[in-house]
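As provided, work23.txt (compact mmCIF, C-alpha atoms and all ligand atoms) reads as follows.
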# COMPACT_ATOMS: atom_id res chain seq x y z
CA MET A 1 0.00 0.00 0.00
CA LYS A 2 1.11 3.57 -0.59
CA TYR A 3 0.56 6.18 2.12
CA ILE A 4 0.82 9.94 1.70
CA ILE A 5 1.18 11.71 5.05
CA VAL A 6 0.86 15.47 4.79
CA GLY A 7 2.55 16.88 7.89
CA GLY A 8 4.65 13.74 8.27
CA THR A 9 8.01 15.36 9.00
CA SER A 10 7.59 15.54 12.78
CA GLY A 11 5.43 14.48 15.73
CA ILE A 12 2.37 12.33 15.09
CA GLY A 13 2.83 12.22 11.30
CA LEU A 14 6.44 11.09 11.57
CA ALA A 15 5.54 8.34 14.09
CA THR A 16 2.76 7.21 11.71
CA ALA A 17 5.22 7.15 8.80
CA LYS A 18 7.59 4.97 10.86
CA MET A 19 4.83 2.52 11.78
CA ALA A 20 3.64 2.29 8.18
CA VAL A 21 7.17 1.73 6.83
CA GLU A 22 7.78 -0.97 9.47
CA ALA A 23 4.56 -2.68 8.33
CA GLY A 24 5.99 -2.83 4.80
CA HIS A 25 4.12 0.05 3.19
CA SER A 26 5.52 2.68 0.85
CA VAL A 27 5.31 6.09 2.52
CA LEU A 28 5.65 9.61 1.17
CA VAL A 29 5.69 12.40 3.75
CA ALA A 30 5.15 16.03 2.83
CA GLY A 31 5.87 19.21 4.72
CA ARG A 32 6.95 22.77 4.08
CA ASP A 33 10.44 22.79 5.58
CA PRO A 34 13.05 20.56 3.84
CA SER A 35 15.44 20.95 6.79
CA LYS A 36 13.06 18.60 8.66
CA PHE A 37 13.10 15.85 5.99
CA SER A 38 16.08 13.84 7.31
CA ALA A 39 14.09 12.21 10.16
CA ALA A 40 11.55 10.77 7.71
CA GLN A 41 14.28 9.74 5.25
CA SER A 42 16.19 7.93 8.00
CA ILE A 43 13.20 5.66 8.69
CA GLY A 44 12.75 4.78 5.01
CA ALA A 45 10.06 7.24 3.90
CA THR A 46 10.41 9.46 0.87
CA THR A 47 9.87 13.20 1.24
CA ALA A 48 8.36 16.03 -0.74
CA GLN A 49 8.05 19.75 -0.16
CA LEU A 50 4.46 20.98 -0.04
CA ASP A 51 2.67 23.92 1.53
CA ALA A 52 -0.87 22.56 1.73
CA SER A 53 -2.28 26.04 2.27
CA ASN A 54 -1.46 26.69 -1.41
CA ILE A 55 -4.36 25.22 -3.44
CA ALA A 56 -2.63 25.17 -6.85
CA ALA A 57 0.58 23.67 -5.42
CA THR A 58 -1.43 21.00 -3.60
CA GLN A 59 -3.38 20.04 -6.73
CA HIS A 60 -0.12 19.81 -8.67
CA PHE A 61 1.51 17.73 -5.92
CA PHE A 62 -1.24 15.08 -5.93
CA SER A 63 -1.55 14.87 -9.69
CA ALA A 64 2.23 14.42 -9.98
CA GLU A 65 2.27 11.65 -7.33
CA GLY A 66 -0.23 9.39 -9.11
CA ASP A 67 -2.41 6.69 -7.56
CA PHE A 68 -2.12 5.90 -3.87
CA ASP A 69 -4.07 4.12 -1.11
CA HIS A 70 -4.15 6.09 2.15
CA LEU A 71 -4.11 9.82 2.86
CA VAL A 72 -3.21 10.93 6.40
CA LEU A 73 -3.65 14.63 7.19
CA CYS A 74 -1.53 15.85 10.09
CA ALA A 75 -0.75 19.41 8.94
CA SER A 76 -1.44 22.22 11.36
CA GLY A 77 0.06 25.17 13.13
CA SER A 78 -0.72 26.01 16.73
CA ALA A 79 -2.61 29.32 16.39
CA GLY A 80 -6.05 29.85 17.93
CA ALA A 81 -5.49 28.84 21.58
CA GLY A 82 -6.29 31.01 24.59
CA HIS A 83 -9.13 32.44 26.63
CA PHE A 84 -11.71 34.10 24.41
CA ARG A 85 -11.50 37.50 26.11
CA GLU A 86 -7.77 37.71 25.31
CA LEU A 87 -7.78 35.76 22.03
CA ALA A 88 -6.92 38.02 19.09
CA LEU A 89 -9.34 37.45 16.22
CA GLU A 90 -6.39 37.48 13.81
CA ASP A 91 -4.88 34.56 15.74
CA LEU A 92 -8.15 32.63 15.66
CA ARG A 93 -8.50 33.27 11.93
CA LYS A 94 -4.91 32.09 11.48
CA GLY A 95 -5.77 28.91 13.39
CA PHE A 96 -8.36 28.07 10.72
CA GLU A 97 -5.92 28.98 7.93
CA VAL A 98 -3.12 26.74 9.22
CA LYS A 99 -5.19 23.67 10.12
CA LEU A 100 -8.70 23.46 8.64
CA TRP A 101 -7.88 24.74 5.16
CA PRO A 102 -4.65 22.74 4.51
CA GLN A 103 -6.39 19.49 5.53
CA VAL A 104 -9.53 20.25 3.49
CA THR A 105 -7.42 21.34 0.51
CA CYS A 106 -5.46 18.07 0.56
CA ALA A 107 -8.59 15.92 0.93
CA LYS A 108 -10.14 17.53 -2.13
CA ALA A 109 -6.97 17.66 -4.25
CA ALA A 110 -6.26 13.97 -3.53
CA LEU A 111 -9.60 12.64 -4.79
CA PRO A 112 -8.63 12.11 -8.46
CA THR A 113 -5.66 9.89 -7.49
CA LEU A 114 -6.78 8.30 -4.20
CA LYS A 115 -7.86 4.72 -4.91
CA VAL A 116 -11.60 4.33 -4.28
CA GLU A 117 -11.00 1.44 -1.89
CA GLY A 118 -8.52 3.59 0.07
CA SER A 119 -8.97 5.99 2.99
CA ILE A 120 -8.64 9.55 4.25
CA THR A 121 -7.75 10.15 7.91
CA PHE A 122 -7.99 13.69 9.25
CA ILE A 123 -6.26 14.59 12.54
CA SER A 124 -8.55 16.83 14.55
CA ALA A 125 -8.22 17.31 18.36
CA ILE A 126 -10.19 16.36 21.45
CA SER A 127 -10.52 20.11 22.15
CA SER A 128 -13.46 19.91 19.72
CA ARG A 129 -15.54 18.30 22.49
CA ALA A 130 -13.54 18.47 25.75
CA MET A 131 -15.08 21.83 26.74
CA LYS A 132 -11.91 23.08 28.47
CA PRO A 133 -11.58 26.82 29.18
CA GLY A 134 -8.99 28.42 26.90
CA THR A 135 -9.78 26.14 23.97
CA ALA A 136 -12.86 27.75 22.37
CA GLY A 137 -10.89 28.67 19.23
CA LEU A 138 -9.23 25.25 18.92
CA ALA A 139 -12.63 23.64 19.55
CA ALA A 140 -14.17 25.60 16.67
CA ILE A 141 -11.35 24.71 14.24
CA ASN A 142 -11.35 21.01 15.10
CA ALA A 143 -15.14 20.70 15.31
CA ALA A 144 -15.29 22.07 11.77
CA LEU A 145 -12.96 19.31 10.61
CA GLU A 146 -14.88 16.63 12.49
CA ALA A 147 -18.19 17.81 11.03
CA LEU A 148 -16.89 16.92 7.57
CA VAL A 149 -16.08 13.31 8.41
CA PRO A 150 -19.44 11.45 8.40
CA ILE A 151 -20.73 13.43 5.43
CA LEU A 152 -17.59 12.80 3.36
CA ALA A 153 -17.72 9.12 4.38
CA SER A 154 -21.22 9.00 2.97
CA GLU A 155 -20.54 11.05 -0.19
CA LEU A 156 -17.24 9.41 -1.11
CA ARG A 157 -18.21 5.78 -0.41
CA PRO A 158 -16.68 3.24 -0.75
CA THR A 159 -13.63 5.37 0.10
CA ARG A 160 -13.42 5.43 3.90
CA VAL A 161 -13.14 8.75 5.74
CA ASN A 162 -12.28 8.98 9.45
CA ALA A 163 -10.54 11.24 11.95
CA VAL A 164 -8.36 10.73 14.99
CA ALA A 165 -8.84 13.26 17.80
CA PRO A 166 -5.68 13.48 19.92
CA GLY A 167 -5.51 14.76 23.47
CA VAL A 168 -2.31 16.37 24.72
CA VAL A 169 0.66 14.78 22.93
CA ASP A 170 4.34 15.57 23.42
CA THR A 171 5.33 16.77 19.94
CA PRO A 172 6.90 19.87 18.35
CA TRP A 173 3.36 21.35 18.23
CA TRP A 174 4.21 22.57 21.76
CA SER A 175 7.62 24.01 20.86
CA ARG A 176 6.40 27.59 21.33
CA VAL A 177 6.33 26.80 25.08
CA PRO A 178 9.90 26.94 26.49
CA GLU A 179 11.24 23.50 27.51
CA ALA A 180 11.17 23.91 31.31
CA ALA A 181 7.68 25.44 31.25
CA ARG A 182 6.49 22.71 28.87
CA LYS A 183 7.71 19.97 31.24
CA GLU A 184 5.83 21.61 34.09
CA LEU A 185 2.73 22.08 31.93
CA PHE A 186 2.75 18.43 30.82
CA GLU A 187 3.02 17.28 34.46
CA GLN A 188 0.08 19.49 35.36
CA LEU A 189 -1.98 18.34 32.36
CA ALA A 190 -1.11 14.67 33.02
CA SER A 191 -2.84 14.88 36.40
CA GLY A 192 -6.12 15.54 34.56
CA VAL A 193 -5.66 12.63 32.13
CA ALA A 194 -7.30 9.36 33.18
CA VAL A 195 -4.23 7.29 32.25
CA GLY A 196 -1.98 9.71 34.16
CA ARG A 197 0.29 10.86 31.36
CA VAL A 198 0.32 12.95 28.21
CA GLY A 199 0.44 11.11 24.90
CA LYS A 200 3.40 9.98 22.84
CA PRO A 201 3.35 10.30 19.04
CA GLU A 202 3.33 6.49 18.83
CA ASP A 203 0.01 6.34 20.75
CA LEU A 204 -1.57 8.35 17.95
CA ALA A 205 0.27 6.54 15.17
CA SER A 206 -1.24 3.20 16.18
CA ALA A 207 -4.74 4.74 16.20
CA ILE A 208 -4.17 6.22 12.73
CA ILE A 209 -2.79 2.96 11.31
CA SER A 210 -5.82 1.11 12.73
CA LEU A 211 -8.20 3.42 10.90
CA THR A 212 -6.33 3.06 7.63
CA THR A 213 -6.12 -0.73 7.79
CA ASN A 214 -9.50 -1.69 9.26
CA THR A 215 -11.70 -1.72 6.17
CA PHE A 216 -14.91 -1.85 8.22
CA ILE A 217 -14.48 1.58 9.88
CA THR A 218 -15.71 4.73 8.18
CA GLY A 219 -17.37 7.98 9.24
CA THR A 220 -15.77 7.65 12.68
CA ILE A 221 -13.95 10.09 14.97
CA LEU A 222 -11.57 8.03 17.11
CA ASP A 223 -10.69 9.80 20.38
CA CYS A 224 -7.11 9.04 21.43
CA ASP A 225 -6.69 11.25 24.49
CA GLY A 226 -5.90 9.00 27.45
CA GLY A 227 -9.28 9.98 28.87
CA TRP A 228 -8.52 13.72 29.02
CA LYS A 229 -12.11 14.65 28.22
CA LEU A 230 -13.55 12.51 31.02
CA LYS A 231 -14.87 14.22 34.14
CA ASN A 232 -12.83 13.62 37.31
CA SER A 233 -15.70 12.28 39.40
N1 LIG B 1 0.46 17.64 19.91
C1 LIG B 1 -0.73 17.78 20.48
O1 LIG B 1 -0.87 17.92 21.72
C2 LIG B 1 -1.96 17.76 19.61
C3 LIG B 1 -3.21 17.76 20.25
C4 LIG B 1 -4.36 17.74 19.48
C5 LIG B 1 -4.26 17.70 18.09
N2 LIG B 1 -3.02 17.69 17.50
C6 LIG B 1 -2.99 17.67 16.03
O2 LIG B 1 -2.15 16.63 15.58
C7 LIG B 1 -1.70 16.95 14.24
C8 LIG B 1 -0.20 16.69 14.16
O3 LIG B 1 0.46 17.63 14.99
P1 LIG B 1 1.76 17.28 15.84
O4 LIG B 1 1.39 17.41 17.28
O5 LIG B 1 2.40 16.04 15.34
O6 LIG B 1 2.62 18.59 15.50
P2 LIG B 1 3.92 18.83 14.61
O7 LIG B 1 5.03 17.93 15.06
O8 LIG B 1 4.13 20.31 14.66
O9 LIG B 1 3.50 18.37 13.14
C9 LIG B 1 2.89 19.20 12.22
C10 LIG B 1 3.34 18.76 10.83
O10 LIG B 1 2.57 19.48 9.86
C11 LIG B 1 3.47 20.06 8.91
N3 LIG B 1 2.75 21.21 8.34
C12 LIG B 1 2.24 22.28 9.00
N4 LIG B 1 1.63 23.12 8.14
C13 LIG B 1 1.74 22.55 6.90
C14 LIG B 1 1.32 22.93 5.61
N5 LIG B 1 0.66 24.10 5.38
N6 LIG B 1 1.60 22.13 4.56
C15 LIG B 1 2.27 20.96 4.77
N7 LIG B 1 2.71 20.55 5.96
C16 LIG B 1 2.44 21.34 7.02
C17 LIG B 1 4.73 20.34 9.72
O11 LIG B 1 5.90 20.50 8.94
P3 LIG B 1 6.33 21.98 8.34
O12 LIG B 1 6.19 22.96 9.48
O13 LIG B 1 7.73 21.81 7.88
O14 LIG B 1 5.39 22.22 7.22
C18 LIG B 1 4.81 19.05 10.53
O15 LIG B 1 5.32 17.99 9.73
C19 LIG B 1 -2.09 18.43 14.03
O16 LIG B 1 -3.25 18.48 13.24
C20 LIG B 1 -2.38 18.93 15.44
O17 LIG B 1 -3.31 19.99 15.43
C21 LIG B 1 -1.89 17.72 18.23

How would this structure read if it were set down as structure tokens?
Ligand SMILES: NC(=O)c1ccc[n+]([C@@H]2O[C@H](COP(=O)([O-])OP(=O)(O)OC[C@H]3O[C@@H](n4cnc5c(N)ncnc54)[C@H](OP(=O)(O)O)[C@@H]3O)[C@@H](O)[C@H]2O)c1
Amino acid sequence: MKYIIVGGTSGIGLATAKMAVEAGHSVLVAGRDPSKFSAAQSIGATTAQLDASNIAATQHFFSAEGDFDHLVLCASGSAGAGHFRELALEDLRKGFEVKLWPQVTCAKAALPTLKVEGSITFISAISSRAMKPGTAGLAAINAALEALVPILASELRPTRVNAVAPGVVDTPWWSRVPEAARKELFEQLASGVAVGRVGKPEDLASAIISLTTNTFITGTILDCDGGWKLKNS
């Protein structure tokens, strides 16, 4: 099988690429910054430069790649977080631009070359439904993505369409938080997670690979959050 993982040069996408390569699949990862390609190349994936916020470039990328089986959409930036009173509208708008639109653009541009028996897996976030203060913007962005899933699964049948909704995962997504503060934040967040820890990229990779390989799952949002959304009592 051939996988294309957009946003596969770090974090969850890179762990998914590794798992897919180890399972014997051919994997192409795409991202904007070529200086990040070596990690994917070292695990046996091929790499391509793509800014999925550019519609024409994304259409060209998929038509040049030819037929493939599984599309995994990990691209995002980290704009749009914060309490609503302080959240700048420009930052919230940017959050949509750097996550919703690149994933939607790829899903649409891939359709002519994605095999009909293949799959699309979006990566949303549990913030869509966790109802945590400070995440209204992230909730709106990720809920928009999740709203697409069952309808696309119905429209595009038999192609399967799913999403994985991660909780807090230790990846470069958090790199804007300085290292010492991030460690402290993760410890604090882990205390609110039912399994008592934040996620590792590999936790998410196995959920993503399951959705791509289980041919009886479609129209599903798979929460992979260690129980972060659960109430404490
Ligand atoms: N980490 C968490 O706690 C967490 C929680 C909930 C949801 N998520 C979601 O999980 C997904 C993966 O994130 P991650 O945590 O693995 O973060 P990450 O390590 O920062 O990965 C993001 C990937 O997307 C690529 N990318 C970003 N914008 C792109 C664009 N316009 N075109 C092509 N590639 C692009 C990045 O490479 P370049 O910058 O080089 O393009 C990178 O490969 C994201 O959708 C994120 O919102 C993460």

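Near Val116 (chain A), within a cut-off of 9 Å and counting only C-alpha atoms, sit the residues Asp69, Leu111, Leu156, Arg157, Pro158, Thr159 and Arg160 of chain A, with same-chain residues fewer than 5 positions away left out.
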
> For ligand LIG 1 (chain B), which residue among A:Asp91, A:Glu184, A:Asp67, A:Asp223 is the nearest when counting only C-alpha atoms and all ligand atoms?
Replying inline: A:Asp223

Would you give me, as a tab-separated table, each residue of chain A having an atom within 7 Å of an atom of ligand LIG 1 (chain B), along with its shortest atom pair and that distance in Å to one decimal, using all atoms listed in the file and sorting by chain and residue number?
residue	atom	partner	partner_atom	distance
A:Val6	CA	B:LIG1	N7	5.5
A:Gly7	CA	B:LIG1	O10	3.3
A:Gly8	CA	B:LIG1	O15	4.5
A:Thr9	CA	B:LIG1	O15	3.8
A:Ser10	CA	B:LIG1	O7	4.2
A:Gly11	CA	B:LIG1	O5	3.4
A:Ile12	CA	B:LIG1	O5	3.7
A:Gly13	CA	B:LIG1	O5	5.6
A:Ala30	CA	B:LIG1	N7	6.0
A:Gly31	CA	B:LIG1	N7	3.6
A:Arg32	CA	B:LIG1	O14	3.5
A:Asp33	CA	B:LIG1	O13	3.7
A:Pro34	CA	B:LIG1	O13	6.8
A:Lys36	CA	B:LIG1	O13	6.3
A:Leu50	CA	B:LIG1	C15	5.3
A:Asp51	CA	B:LIG1	N6	3.7
A:Ala52	CA	B:LIG1	N6	3.8
A:Ser53	CA	B:LIG1	N5	4.7
A:Cys74	CA	B:LIG1	C7	4.3
A:Ala75	CA	B:LIG1	O10	3.4
A:Ser76	CA	B:LIG1	C12	4.4
A:Gly77	CA	B:LIG1	C12	5.5
A:Ser78	CA	B:LIG1	O17	6.7
A:Val98	CA	B:LIG1	N5	6.0
A:Lys99	CA	B:LIG1	O16	6.4
A:Pro102	CA	B:LIG1	N5	5.6
A:Ile123	CA	B:LIG1	O16	5.0
A:Ser124	CA	B:LIG1	C5	5.6
A:Ala125	CA	B:LIG1	C5	4.0
A:Ile126	CA	B:LIG1	C4	6.3
A:Ala165	CA	B:LIG1	C5	6.4
A:Pro166	CA	B:LIG1	C4	4.5
A:Gly167	CA	B:LIG1	C3	5.0
A:Val168	CA	B:LIG1	O1	3.7
A:Val169	CA	B:LIG1	O1	3.7
A:Asp170	CA	B:LIG1	N1	5.6
A:Thr171	CA	B:LIG1	O4	4.8
A:Pro172	CA	B:LIG1	O7	4.3
A:Trp173	CA	B:LIG1	O8	3.8
A:Trp174	CA	B:LIG1	N1	6.5
A:Pro201	CA	B:LIG1	O5	6.9

Exercise: residues within 9 Å of coordinate (-15.7, 2.4, 6.4), counting all atoms listed in the file, as a short mmCIF file (atom, residue, chain, number, x, y, z; two decimals) with C-alpha atoms, in the frame of the given file:
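Generated file (selection_4.cif):
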data_model
loop_
_atom_site.label_atom_id
_atom_site.label_comp_id
_atom_site.auth_asym_id
_atom_site.auth_seq_id
_atom_site.Cartn_x
_atom_site.Cartn_y
_atom_site.Cartn_z
CA SER A 119 -8.97 5.99 2.99
CA ALA A 153 -17.72 9.12 4.38
CA ARG A 157 -18.21 5.78 -0.41
CA PRO A 158 -16.68 3.24 -0.75
CA THR A 159 -13.63 5.37 0.10
CA ARG A 160 -13.42 5.43 3.90
CA VAL A 161 -13.14 8.75 5.74
CA ASN A 162 -12.28 8.98 9.45
CA LEU A 211 -8.20 3.42 10.90
CA ASN A 214 -9.50 -1.69 9.26
CA THR A 215 -11.70 -1.72 6.17
CA PHE A 216 -14.91 -1.85 8.22
CA ILE A 217 -14.48 1.58 9.88
CA THR A 218 -15.71 4.73 8.18
CA GLY A 219 -17.37 7.98 9.24
CA THR A 220 -15.77 7.65 12.68
#

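Of the listed residues A:Gly137, A:Leu100, A:Ser42, A:Gly226, the one whose atoms come nearest to Ala88 (chain A) is A:Gly137, with distances taken using all atoms listed in the file.
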
Missing atoms in region 97-111 of chain A: fill them in up to N, CA and C atoms and send the result as an mmCIF file, in the frame of the given file.
data_model
loop_
_atom_site.group_PDB
_atom_site.id
_atom_site.type_symbol
_atom_site.label_atom_id
_atom_site.label_comp_id
_atom_site.auth_asym_id
_atom_site.auth_seq_id
_atom_site.Cartn_x
_atom_site.Cartn_y
_atom_site.Cartn_z
ATOM 1 N N GLU A 97 -6.735 28.990 9.161
ATOM 2 C CA GLU A 97 -5.920 28.980 7.930
ATOM 3 C C GLU A 97 -4.845 27.893 7.967
ATOM 4 N N VAL A 98 -4.257 27.658 9.169
ATOM 5 C CA VAL A 98 -3.120 26.740 9.220
ATOM 6 C C VAL A 98 -3.518 25.295 9.528
ATOM 7 N N LYS A 99 -4.784 25.069 9.865
ATOM 8 C CA LYS A 99 -5.190 23.670 10.120
ATOM 9 C C LYS A 99 -6.369 23.233 9.242
ATOM 10 N N LEU A 100 -7.514 23.910 9.376
ATOM 11 C CA LEU A 100 -8.700 23.460 8.640
ATOM 12 C C LEU A 100 -8.444 23.476 7.127
ATOM 13 N N TRP A 101 -7.982 24.614 6.616
ATOM 14 C CA TRP A 101 -7.880 24.740 5.160
ATOM 15 C C TRP A 101 -6.821 23.842 4.536
ATOM 16 N N PRO A 102 -5.602 23.690 5.123
ATOM 17 C CA PRO A 102 -4.650 22.740 4.510
ATOM 18 C C PRO A 102 -5.201 21.308 4.475
ATOM 19 N N GLN A 103 -5.874 20.865 5.545
ATOM 20 C CA GLN A 103 -6.390 19.490 5.530
ATOM 21 C C GLN A 103 -7.527 19.335 4.519
ATOM 22 N N VAL A 104 -8.414 20.324 4.462
ATOM 23 C CA VAL A 104 -9.530 20.250 3.490
ATOM 24 C C VAL A 104 -8.981 20.335 2.057
ATOM 25 N N THR A 105 -8.017 21.195 1.848
ATOM 26 C CA THR A 105 -7.420 21.340 0.510
ATOM 27 C C THR A 105 -6.811 20.025 0.044
ATOM 28 N N CYS A 106 -6.083 19.353 0.933
ATOM 29 C CA CYS A 106 -5.460 18.070 0.560
ATOM 30 C C CYS A 106 -6.531 17.014 0.268
ATOM 31 N N ALA A 107 -7.558 16.941 1.122
ATOM 32 C CA ALA A 107 -8.590 15.920 0.930
ATOM 33 C C ALA A 107 -9.225 16.067 -0.446
ATOM 34 N N LYS A 108 -9.480 17.302 -0.847
ATOM 35 C CA LYS A 108 -10.140 17.530 -2.130
ATOM 36 C C LYS A 108 -9.178 17.299 -3.306
ATOM 37 N N ALA A 109 -7.944 17.794 -3.158
ATOM 38 C CA ALA A 109 -6.970 17.660 -4.250
ATOM 39 C C ALA A 109 -6.560 16.204 -4.465
ATOM 40 N N ALA A 110 -6.685 15.371 -3.421
ATOM 41 C CA ALA A 110 -6.260 13.970 -3.530
ATOM 42 C C ALA A 110 -7.291 13.089 -4.239
ATOM 43 N N LEU A 111 -8.533 13.545 -4.325
ATOM 44 C CA LEU A 111 -9.600 12.640 -4.790
ATOM 45 C C LEU A 111 -9.349 12.008 -6.160
#
